[in-house]
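Undergrad: What follows is the file my_file-v8.pdb, containing PDB, C-alpha atoms and all ligand atoms:
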```
ATOM      1  CA  MET U   1     115.677 121.767  93.112
ATOM      2  CA  GLN U   2     119.420 121.581  92.557
ATOM      3  CA  ILE U   3     121.132 118.473  91.167
ATOM      4  CA  ILE U   4     124.704 118.306  92.396
ATOM      5  CA  HIS U   5     127.421 115.797  91.551
ATOM      6  CA  THR U   6     130.454 116.857  93.601
ATOM      7  CA  VAL U   7     131.203 117.087  97.306
ATOM      8  CA  ALA U   8     132.612 120.615  96.949
ATOM      9  CA  ALA U   9     129.491 121.924  95.193
ATOM     10  CA  LEU U  10     127.222 120.275  97.743
ATOM     11  CA  ARG U  11     129.127 121.808 100.652
ATOM     12  CA  LYS U  12     128.805 125.223  99.003
ATOM     13  CA  ALA U  13     125.067 124.777  98.465
ATOM     14  CA  LEU U  14     124.581 123.830 102.119
ATOM     15  CA  GLU U  15     126.777 126.602 103.542
ATOM     16  CA  HIS U  16     123.942 128.708 104.953
ATOM     17  CA  GLN U  17     121.417 125.969 105.759
ATOM     18  CA  SER U  18     120.641 125.555 109.429
ATOM     19  CA  GLN U  19     118.242 122.581 109.495
ATOM     20  CA  VAL U  20     119.176 119.903 106.976
ATOM     21  CA  GLY U  21     117.207 116.691 106.511
ATOM     22  CA  PHE U  22     118.823 113.814 104.640
ATOM     23  CA  VAL U  23     117.425 110.809 102.789
ATOM     24  CA  PRO U  24     120.089 108.463 101.413
ATOM     25  CA  THR U  25     118.956 106.277  98.493
ATOM     26  CA  MET U  26     120.314 104.207  95.641
ATOM     27  CA  GLY U  27     117.750 105.705  93.248
ATOM     28  CA  ASN U  28     115.096 103.874  91.199
ATOM     29  CA  LEU U  29     112.694 105.596  93.522
ATOM     30  CA  HIS U  30     109.219 104.387  94.453
ATOM     31  CA  ASP U  31     106.493 105.765  96.734
ATOM     32  CA  GLY U  32     108.303 104.400  99.789
ATOM     33  CA  HIS U  33     111.237 106.739  99.093
ATOM     34  CA  ILE U  34     108.869 109.649  98.477
ATOM     35  CA  ARG U  35     107.360 109.016 101.910
ATOM     36  CA  LEU U  36     110.866 109.324 103.409
ATOM     37  CA  VAL U  37     111.273 112.703 101.692
ATOM     38  CA  ALA U  38     107.890 113.875 103.038
ATOM     39  CA  LEU U  39     108.972 112.860 106.535
ATOM     40  CA  ALA U  40     112.301 114.686 106.174
ATOM     41  CA  LYS U  41     110.410 117.831 105.093
ATOM     42  CA  GLN U  42     108.430 117.739 108.336
ATOM     43  CA  HIS U  43     111.696 117.988 110.301
ATOM     44  CA  ALA U  44     113.939 120.214 108.190
ATOM     45  CA  SER U  45     113.928 123.365 106.079
ATOM     46  CA  CYS U  46     116.300 121.895 103.468
ATOM     47  CA  VAL U  47     116.010 118.285 102.307
ATOM     48  CA  VAL U  48     118.934 116.572 100.578
ATOM     49  CA  VAL U  49     118.393 113.224  98.833
ATOM     50  CA  SER U  50     121.449 111.258  97.739
ATOM     51  CA  ILE U  51     121.281 108.894  94.798
ATOM     52  CA  PHE U  52     124.296 106.626  94.719
ATOM     53  CA  VAL U  53     124.491 102.948  93.841
ATOM     54  CA  ASN U  54     127.166 102.001  96.335
ATOM     55  CA  PRO U  55     129.480  99.288  94.958
ATOM     56  CA  LEU U  56     130.815  98.437  98.438
ATOM     57  CA  GLN U  57     127.547  96.971  99.635
ATOM     58  CA  PHE U  58     127.102  94.492  96.760
ATOM     59  CA  GLY U  59     128.669  91.023  96.788
ATOM     60  CA  ALA U  60     130.683  89.807  93.792
ATOM     61  CA  HIS U  61     127.718  87.918  92.313
ATOM     62  CA  GLU U  62     125.026  90.427  93.207
ATOM     63  CA  ASP U  63     123.211  92.959  91.042
ATOM     64  CA  PHE U  64     125.519  96.008  91.241
ATOM     65  CA  SER U  65     125.972  96.346  87.472
ATOM     66  CA  SER U  66     122.319  95.643  86.634
ATOM     67  CA  TYR U  67     120.856  97.755  89.464
ATOM     68  CA  PRO U  68     118.497 100.211  87.703
ATOM     69  CA  ARG U  69     119.962 103.705  87.247
ATOM     70  CA  THR U  70     117.040 106.056  86.575
ATOM     71  CA  LEU U  71     118.394 109.475  87.551
ATOM     72  CA  GLU U  72     116.180 111.579  85.308
ATOM     73  CA  ALA U  73     112.917 109.950  86.399
ATOM     74  CA  ASP U  74     114.088 109.993  90.030
ATOM     75  CA  CYS U  75     114.793 113.731  89.877
ATOM     76  CA  GLN U  76     111.320 114.401  88.478
ATOM     77  CA  LYS U  77     109.750 112.502  91.372
ATOM     78  CA  LEU U  78     111.944 114.285  93.913
ATOM     79  CA  GLU U  79     111.168 117.703  92.490
ATOM     80  CA  ALA U  80     107.439 116.928  92.772
ATOM     81  CA  ALA U  81     107.989 115.706  96.348
ATOM     82  CA  GLY U  82     109.616 119.003  97.319
ATOM     83  CA  ALA U  83     113.235 117.880  97.786
ATOM     84  CA  ASP U  84     115.674 120.794  97.709
ATOM     85  CA  ILE U  85     118.895 119.122  96.613
ATOM     86  CA  VAL U  86     119.727 115.846  94.882
ATOM     87  CA  PHE U  87     123.294 114.678  95.478
ATOM     88  CA  ALA U  88     124.231 112.198  92.754
ATOM     89  CA  PRO U  89     127.995 111.580  92.851
ATOM     90  CA  GLU U  90     129.939 109.282  90.510
ATOM     91  CA  VAL U  91     131.790 106.355  92.105
ATOM     92  CA  HIS U  92     135.202 108.101  91.890
ATOM     93  CA  GLU U  93     133.795 111.143  93.728
ATOM     94  CA  MET U  94     132.867 108.959  96.690
ATOM     95  CA  TYR U  95     135.774 106.509  96.447
ATOM     96  CA  PRO U  96     138.752 108.008  94.592
ATOM     97  CA  ASP U  97     140.738 104.754  94.920
ATOM     98  CA  PHE U  98     138.015 102.308  93.904
ATOM     99  CA  ASP U  99     139.369 100.094  91.122
ATOM    100  CA  GLY U 100     136.111  98.588  89.938
ATOM    101  CA  ARG U 101     136.242  95.748  92.478
ATOM    102  CA  GLN U 102     137.517  97.091  95.772
ATOM    103  CA  LEU U 103     139.023 100.026  97.651
ATOM    104  CA  ASN U 104     142.796 100.058  97.766
ATOM    105  CA  GLN U 105     143.677 102.634 100.402
ATOM    106  CA  SER U 106     140.497 103.892 102.012
ATOM    107  CA  MET U 107     139.270 103.060 105.459
ATOM    108  CA  THR U 108     135.994 101.246 105.901
ATOM    109  CA  ILE U 109     133.675 100.949 108.875
ATOM    110  CA  SER U 110     133.408  97.679 110.794
ATOM    111  CA  PRO U 111     129.743  97.261 111.561
ATOM    112  CA  PRO U 112     128.545  96.297 115.064
ATOM    113  CA  PRO U 113     127.922  92.649 116.057
ATOM    114  CA  LEU U 114     124.219  92.882 115.232
ATOM    115  CA  ALA U 115     125.267  93.135 111.575
ATOM    116  CA  SER U 116     126.731  89.649 111.460
ATOM    117  CA  ALA U 117     123.471  87.663 111.647
ATOM    118  CA  TRP U 118     120.531  87.500 109.206
ATOM    119  CA  CYS U 119     121.351  89.485 106.059
ATOM    120  CA  GLY U 120     124.926  89.885 107.285
ATOM    121  CA  ALA U 121     125.374  86.104 107.378
ATOM    122  CA  THR U 122     124.563  85.621 103.701
ATOM    123  CA  ARG U 123     125.960  88.980 102.552
ATOM    124  CA  PRO U 124     129.223  89.170 104.542
ATOM    125  CA  ASP U 125     130.511  92.612 103.423
ATOM    126  CA  HIS U 126     127.118  94.200 102.917
ATOM    127  CA  PHE U 127     126.774  96.126 106.182
ATOM    128  CA  SER U 128     130.379  97.263 106.190
ATOM    129  CA  GLY U 129     129.663  98.739 102.730
ATOM    130  CA  VAL U 130     126.420 100.330 103.933
ATOM    131  CA  ALA U 131     127.980 101.762 107.109
ATOM    132  CA  THR U 132     130.982 103.111 105.186
ATOM    133  CA  VAL U 133     128.940 104.908 102.549
ATOM    134  CA  VAL U 134     126.439 106.260 105.076
ATOM    135  CA  MET U 135     129.260 107.555 107.303
ATOM    136  CA  LYS U 136     130.801 109.295 104.283
ATOM    137  CA  LEU U 137     127.440 110.736 103.223
ATOM    138  CA  PHE U 138     126.752 111.928 106.776
ATOM    139  CA  ASN U 139     130.139 113.678 106.812
ATOM    140  CA  ILE U 140     129.510 115.257 103.419
ATOM    141  CA  VAL U 141     125.914 116.390 104.041
ATOM    142  CA  GLN U 142     126.219 116.981 107.821
ATOM    143  CA  PRO U 143     122.479 116.633 108.318
ATOM    144  CA  ASN U 144     120.557 117.444 111.484
ATOM    145  CA  ILE U 145     118.188 114.566 110.830
ATOM    146  CA  ALA U 146     118.348 111.482 108.607
ATOM    147  CA  VAL U 147     115.407 109.344 107.511
ATOM    148  CA  PHE U 148     115.659 105.588 106.914
ATOM    149  CA  GLY U 149     112.908 103.092 106.102
ATOM    150  CA  LYS U 150     112.019 100.244 108.453
ATOM    151  CA  LYS U 151     111.843  97.922 105.449
ATOM    152  CA  ASP U 152     115.621  97.493 105.844
ATOM    153  CA  TYR U 153     115.234  96.910 109.557
ATOM    154  CA  GLN U 154     118.692  95.463 110.210
ATOM    155  CA  GLN U 155     120.269  98.310 108.228
ATOM    156  CA  LEU U 156     118.324 100.823 110.332
ATOM    157  CA  LEU U 157     119.701  99.315 113.561
ATOM    158  CA  VAL U 158     123.257  99.158 112.170
ATOM    159  CA  ILE U 159     123.133 102.865 111.264
ATOM    160  CA  LYS U 160     121.519 103.812 114.589
ATOM    161  CA  GLU U 161     124.312 101.968 116.377
ATOM    162  CA  MET U 162     126.940 103.702 114.234
ATOM    163  CA  VAL U 163     125.430 107.114 115.062
ATOM    164  CA  LYS U 164     125.512 106.222 118.746
ATOM    165  CA  GLN U 165     129.018 104.735 118.831
ATOM    166  CA  PHE U 166     130.626 107.508 116.762
ATOM    167  CA  ASN U 167     128.747 110.233 118.702
ATOM    168  CA  LEU U 168     127.264 111.677 115.540
ATOM    169  CA  SER U 169     124.941 114.566 116.193
ATOM    170  CA  ILE U 170     122.197 113.334 113.895
ATOM    171  CA  GLU U 171     118.614 112.551 114.816
ATOM    172  CA  MET U 172     117.564 109.274 113.225
ATOM    173  CA  VAL U 173     113.961 109.108 112.000
ATOM    174  CA  ALA U 174     112.517 105.685 111.084
ATOM    175  CA  ALA U 175     109.724 105.487 108.510
ATOM    176  CA  GLU U 176     107.141 102.703 108.340
ATOM    177  CA  THR U 177     107.336 100.367 105.337
ATOM    178  CA  MET U 178     105.123 101.345 102.400
ATOM    179  CA  ARG U 179     103.239  98.446 100.873
ATOM    180  CA  GLU U 180     101.371  97.672  97.679
ATOM    181  CA  ASP U 181      97.649  96.926  98.131
ATOM    182  CA  SER U 182      98.659  93.236  98.092
ATOM    183  CA  GLY U 183     100.824  93.772 101.185
ATOM    184  CA  LEU U 184     104.077  93.415  99.237
ATOM    185  CA  ALA U 185     106.687  95.786 100.701
ATOM    186  CA  MET U 186     107.722  98.406  98.145
ATOM    187  CA  SER U 187     111.277  97.813  96.951
ATOM    188  CA  SER U 188     113.350  98.788  93.962
ATOM    189  CA  ARG U 189     114.031  95.078  93.471
ATOM    190  CA  ASN U 190     110.309  94.308  92.940
ATOM    191  CA  GLY U 191     110.953  95.497  89.384
ATOM    192  CA  TYR U 192     112.972  92.295  88.790
ATOM    193  CA  LEU U 193     109.895  90.093  89.422
ATOM    194  CA  SER U 194     107.997  88.473  86.537
ATOM    195  CA  PRO U 195     104.180  88.924  86.622
ATOM    196  CA  GLU U 196     103.880  85.354  87.995
ATOM    197  CA  GLN U 197     106.435  86.040  90.734
ATOM    198  CA  LYS U 198     104.808  89.372  91.561
ATOM    199  CA  ALA U 199     101.525  87.527  92.119
ATOM    200  CA  ILE U 200     103.045  85.242  94.765
ATOM    201  CA  ALA U 201     105.483  87.787  96.277
ATOM    202  CA  PRO U 202     102.919  89.014  98.903
ATOM    203  CA  GLN U 203     103.180  85.553 100.535
ATOM    204  CA  LEU U 204     106.307  86.743 102.328
ATOM    205  CA  HIS U 205     104.338  89.458 104.114
ATOM    206  CA  GLN U 206     101.449  87.039 104.762
ATOM    207  CA  VAL U 207     103.601  84.500 106.619
ATOM    208  CA  ILE U 208     105.173  87.271 108.700
ATOM    209  CA  ARG U 209     101.712  88.604 109.604
ATOM    210  CA  HIS U 210     100.598  85.113 110.555
ATOM    211  CA  ILE U 211     103.548  84.768 112.956
ATOM    212  CA  VAL U 212     102.810  88.183 114.495
ATOM    213  CA  HIS U 213      99.195  87.145 114.989
ATOM    214  CA  GLN U 214     100.159  83.849 116.622
ATOM    215  CA  VAL U 215     102.694  85.472 118.969
ATOM    216  CA  ARG U 216     100.168  88.107 119.978
ATOM    217  CA  GLN U 217      97.719  85.305 120.734
ATOM    218  CA  GLY U 218     100.245  83.952 123.229
ATOM    219  CA  ASP U 219     102.032  81.307 121.137
ATOM    220  CA  HIS U 220     105.627  81.114 122.435
ATOM    221  CA  HIS U 221     106.801  78.244 120.262
ATOM    222  CA  PHE U 222     108.967  80.602 118.234
ATOM    223  CA  SER U 223     111.103  78.004 116.488
ATOM    224  CA  VAL U 224     108.007  76.002 115.483
ATOM    225  CA  LEU U 225     106.387  79.135 114.055
ATOM    226  CA  GLU U 226     109.579  79.968 112.154
ATOM    227  CA  ARG U 227     109.940  76.450 110.781
ATOM    228  CA  CYS U 228     106.290  76.229 109.657
ATOM    229  CA  ALA U 229     106.566  79.603 107.893
ATOM    230  CA  ALA U 230     109.781  78.570 106.125
ATOM    231  CA  GLU U 231     108.249  75.239 105.075
ATOM    232  CA  GLN U 232     105.148  76.987 103.743
ATOM    233  CA  LEU U 233     107.214  79.413 101.675
ATOM    234  CA  THR U 234     109.418  76.588 100.381
ATOM    235  CA  ARG U 235     106.333  74.625  99.259
ATOM    236  CA  GLN U 236     105.166  77.734  97.415
ATOM    237  CA  GLY U 237     108.421  77.925  95.450
ATOM    238  CA  TRP U 238     110.558  80.280  97.554
ATOM    239  CA  VAL U 239     114.148  79.636  98.592
ATOM    240  CA  VAL U 240     114.159  80.833 102.179
ATOM    241  CA  ASP U 241     117.262  82.499 103.588
ATOM    242  CA  TYR U 242     115.809  83.078 107.077
ATOM    243  CA  ILE U 243     112.588  83.798 108.874
ATOM    244  CA  SER U 244     113.140  84.644 112.475
ATOM    245  CA  ILE U 245     111.424  86.122 115.528
ATOM    246  CA  CYS U 246     113.894  88.466 117.221
ATOM    247  CA  SER U 247     114.237  91.071 119.909
ATOM    248  CA  ALA U 248     113.548  94.284 117.992
ATOM    249  CA  ASP U 249     116.445  96.103 119.679
ATOM    250  CA  SER U 250     119.274  93.581 119.544
ATOM    251  CA  LEU U 251     118.107  91.246 116.735
ATOM    252  CA  THR U 252     118.997  88.282 118.923
ATOM    253  CA  PRO U 253     116.473  85.420 118.859
ATOM    254  CA  ALA U 254     113.408  86.429 120.868
ATOM    255  CA  THR U 255     112.907  85.139 124.363
ATOM    256  CA  GLU U 256     109.691  85.016 126.363
ATOM    257  CA  VAL U 257     110.634  88.173 128.275
ATOM    258  CA  ASP U 258     111.142  90.375 125.193
ATOM    259  CA  LYS U 259     108.261  92.765 124.662
ATOM    260  CA  HIS U 260     109.309  94.589 121.494
ATOM    261  CA  LEU U 261     109.765  91.971 118.797
ATOM    262  CA  VAL U 262     110.471  91.905 115.092
ATOM    263  CA  VAL U 263     109.822  89.121 112.625
ATOM    264  CA  LEU U 264     112.552  89.327 109.997
ATOM    265  CA  ALA U 265     112.467  87.405 106.725
ATOM    266  CA  ALA U 266     114.536  87.100 103.576
ATOM    267  CA  ALA U 267     113.766  84.731 100.724
ATOM    268  CA  LYS U 268     114.375  84.389  97.031
ATOM    269  CA  LEU U 269     111.853  84.117  94.249
ATOM    270  CA  GLY U 270     113.888  82.977  91.261
ATOM    271  CA  LYS U 271     116.950  85.239  91.297
ATOM    272  CA  THR U 272     115.282  88.044  93.239
ATOM    273  CA  ARG U 273     115.981  88.235  96.946
ATOM    274  CA  LEU U 274     113.227  89.988  98.907
ATOM    275  CA  ILE U 275     113.291  91.055 102.533
ATOM    276  CA  ASP U 276     110.459  92.111 104.802
ATOM    277  CA  ASN U 277     109.678  92.450 108.501
ATOM    278  CA  ILE U 278     107.114  93.579 111.055
ATOM    279  CA  ASP U 279     108.082  94.953 114.445
ATOM    280  CA  PHE U 280     105.443  94.863 117.156
ATOM    281  CA  MET U 281     104.809  95.014 120.885
ATOM    282  CA  ARG U 282     103.247  92.139 122.773
TER     283      ARG U 282
HETATM  284  O1  LIG U 301     118.875 101.525 101.745
HETATM  285  C1  LIG U 301     119.551 101.921 100.774
HETATM  286  O2  LIG U 301     119.034 102.316  99.736
HETATM  287  C2  LIG U 301     121.071 101.867 100.892
HETATM  288  O3  LIG U 301     121.503 100.774 101.620
HETATM  289  C3  LIG U 301     121.675 103.170 101.427
HETATM  290  C4  LIG U 301     121.232 103.435 102.862
HETATM  291  C5  LIG U 301     121.276 104.327 100.539
HETATM  292  C6  LIG U 301     123.205 103.080 101.441
HETATM  293  O4  LIG U 301     123.707 102.878 100.159
END
```
Go through the file and emit its structure as structure tokens.
Ligand code: PAF

TA:
Amino acid sequence: MQIIHTVAALRKALEHQSQVGFVPTMGNLHDGHIRLVALAKQHASCVVVSIFVNPLQFGAHEDFSSYPRTLEADCQKLEAAGADIVFAPEVHEMYPDFDGRQLNQSMTISPPPLASAWCGATRPDHFSGVATVVMKLFNIVQPNIAVFGKKDYQQLLVIKEMVKQFNLSIEMVAAETMREDSGLAMSSRNGYLSPEQKAIAPQLHQVIRHIVHQVRQGDHHFSVLERCAAEQLTRQGWVVDYISICSADSLTPATEVDKHLVVLAAAKLGKTRLIDNIDFMR
């Protein structure tokens, strides 16, 4: 496995590759990421994994500076998983004019309307930062396929929409969310949780599952279900950002005619913001 830090060296390494699979990450890898690599290997003869903590997608008071950087351990895991190339650029390689706070000259991507609700409402520049870095990474790696986890469901739809609208010739592969035995969705941010918080963190998944169950049973009182779930989490010590039953394709609030639905949720335990979702047919 090669570990490459510059765009020029990566381009050289990929010169003669015909079927490239790509898994973008911010590092601090867990089994969920390794599953994405395994999926990419099923579709491609050369798998590139990027590790880049992207400053553009963090708000001013978010965890950009404290986000865990664990390159050596990540590379060991990726080597064992059979990745071919790790692309781990420094910030100035990706954004030559980044001054520590913002870009001064570079263009950014305006995300589609579905990025403005849910996580986009509380993290206003987040999806522009995600779309910009993913567009740059796509242009650098030029993959045939790219694998993204469903755990970041809104992100997945934003990137799918970007691929469609910019006519990128990349097949998007979505991977199911990996969970701990408790049901807690695997996330790099789970490492911020205290043992007490970790014990109650699976409640987020439990309330989502309860809503899915109720909807499948024929309950159409979506706003009541959402409110009860939010109240339950609040009683248990969470600060709820949103919990919402949506159309799985547009992320607009679900209506009775929608068949493919997703329950999206984001809530904080102490300072740690967790997100989770389940998409399902009814
Ligand atoms: O999901 C992530 O880890 C990041 O948002 C991504 C897609 C690597 C872009 O920085």

Undergrad: Set the distance at 8 Å and use all atoms listed in the file: which residues neighbour range 125-140 of chain U once local chain neighbours fewer than 6 positions away are removed? I'd like the list as an NGL selection string.

TA: :U and (7 or 10-11 or 24 or 54-59 or 94 or 108-111 or 115 or 155 or 158-159 or 162)

Undergrad: What's around Gln142 in chain U at 9 Å? Count only C-alpha atoms, leave out sequence neighbours fewer than 5 positions away in its own chain, and write the answer as a VMD selection string.

TA: chain U and resid 20 22 137 169 to 170

Undergrad: Got a sec to resolve the PyMOL selection byres (((chain U and resi 67) around 9) and not hetatm) on this structure and send the residues as a PyMOL selection string?

TA: chain U and resi 26+28+53+63-66+68-69+188-189

Undergrad: Using only C-alpha atoms and all ligand atoms for the distances, tell me which of U:Glu93, U:Asp181, U:Glu62, U:Asp152 is nearest to ligand LIG 301 (chain U).

TA: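 That would be U:Asp152, the residue with the smallest distance to ligand LIG 301 (chain U).
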
Undergrad: Hey, can you check how far CA of Ala266 in chain U sits from CA of Tyr242 in chain U?

TA: 5.5 Å

Undergrad: Measure the distance from CA of Thr234 in chain U to CA of Arg123 in chain U in Å and round it to one decimal.

TA: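 Rounded to one decimal, the two atoms are 20.8 Å apart.
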
Undergrad: Restricted to C-alpha atoms, what does range 197-216 of chain U look like when written out as a PDB file, in the first residue's frame?

TA:
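Final output, decode_8.pdb:
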```pdb
ATOM      1  CA  GLN U 197     -22.855   8.820  27.701  1.00  0.00           C
ATOM      2  CA  LYS U 198     -21.848   5.765  25.679  1.00  0.00           C
ATOM      3  CA  ALA U 199     -24.295   3.704  27.743  1.00  0.00           C
ATOM      4  CA  ILE U 200     -27.244   5.934  26.812  1.00  0.00           C
ATOM      5  CA  ALA U 201     -26.121   6.779  23.245  1.00  0.00           C
ATOM      6  CA  PRO U 202     -27.997   3.766  21.704  1.00  0.00           C
ATOM      7  CA  GLN U 203     -31.269   5.509  22.686  1.00  0.00           C
ATOM      8  CA  LEU U 204     -31.003   7.579  19.514  1.00  0.00           C
ATOM      9  CA  HIS U 205     -31.177   4.447  17.370  1.00  0.00           C
ATOM     10  CA  GLN U 206     -33.938   2.997  19.581  1.00  0.00           C
ATOM     11  CA  VAL U 207     -36.290   5.956  19.096  1.00  0.00           C
ATOM     12  CA  ILE U 208     -35.683   5.894  15.340  1.00  0.00           C
ATOM     13  CA  ARG U 209     -36.468   2.160  15.238  1.00  0.00           C
ATOM     14  CA  HIS U 210     -39.631   2.755  17.231  1.00  0.00           C
ATOM     15  CA  ILE U 211     -40.811   5.347  14.688  1.00  0.00           C
ATOM     16  CA  VAL U 212     -40.035   2.987  11.789  1.00  0.00           C
ATOM     17  CA  HIS U 213     -42.026   0.260  13.517  1.00  0.00           C
ATOM     18  CA  GLN U 214     -45.005   2.544  14.121  1.00  0.00           C
ATOM     19  CA  VAL U 215     -45.040   3.851  10.535  1.00  0.00           C
ATOM     20  CA  ARG U 216     -44.843   0.321   9.179  1.00  0.00           C
TER      21      ARG U 216
END
```
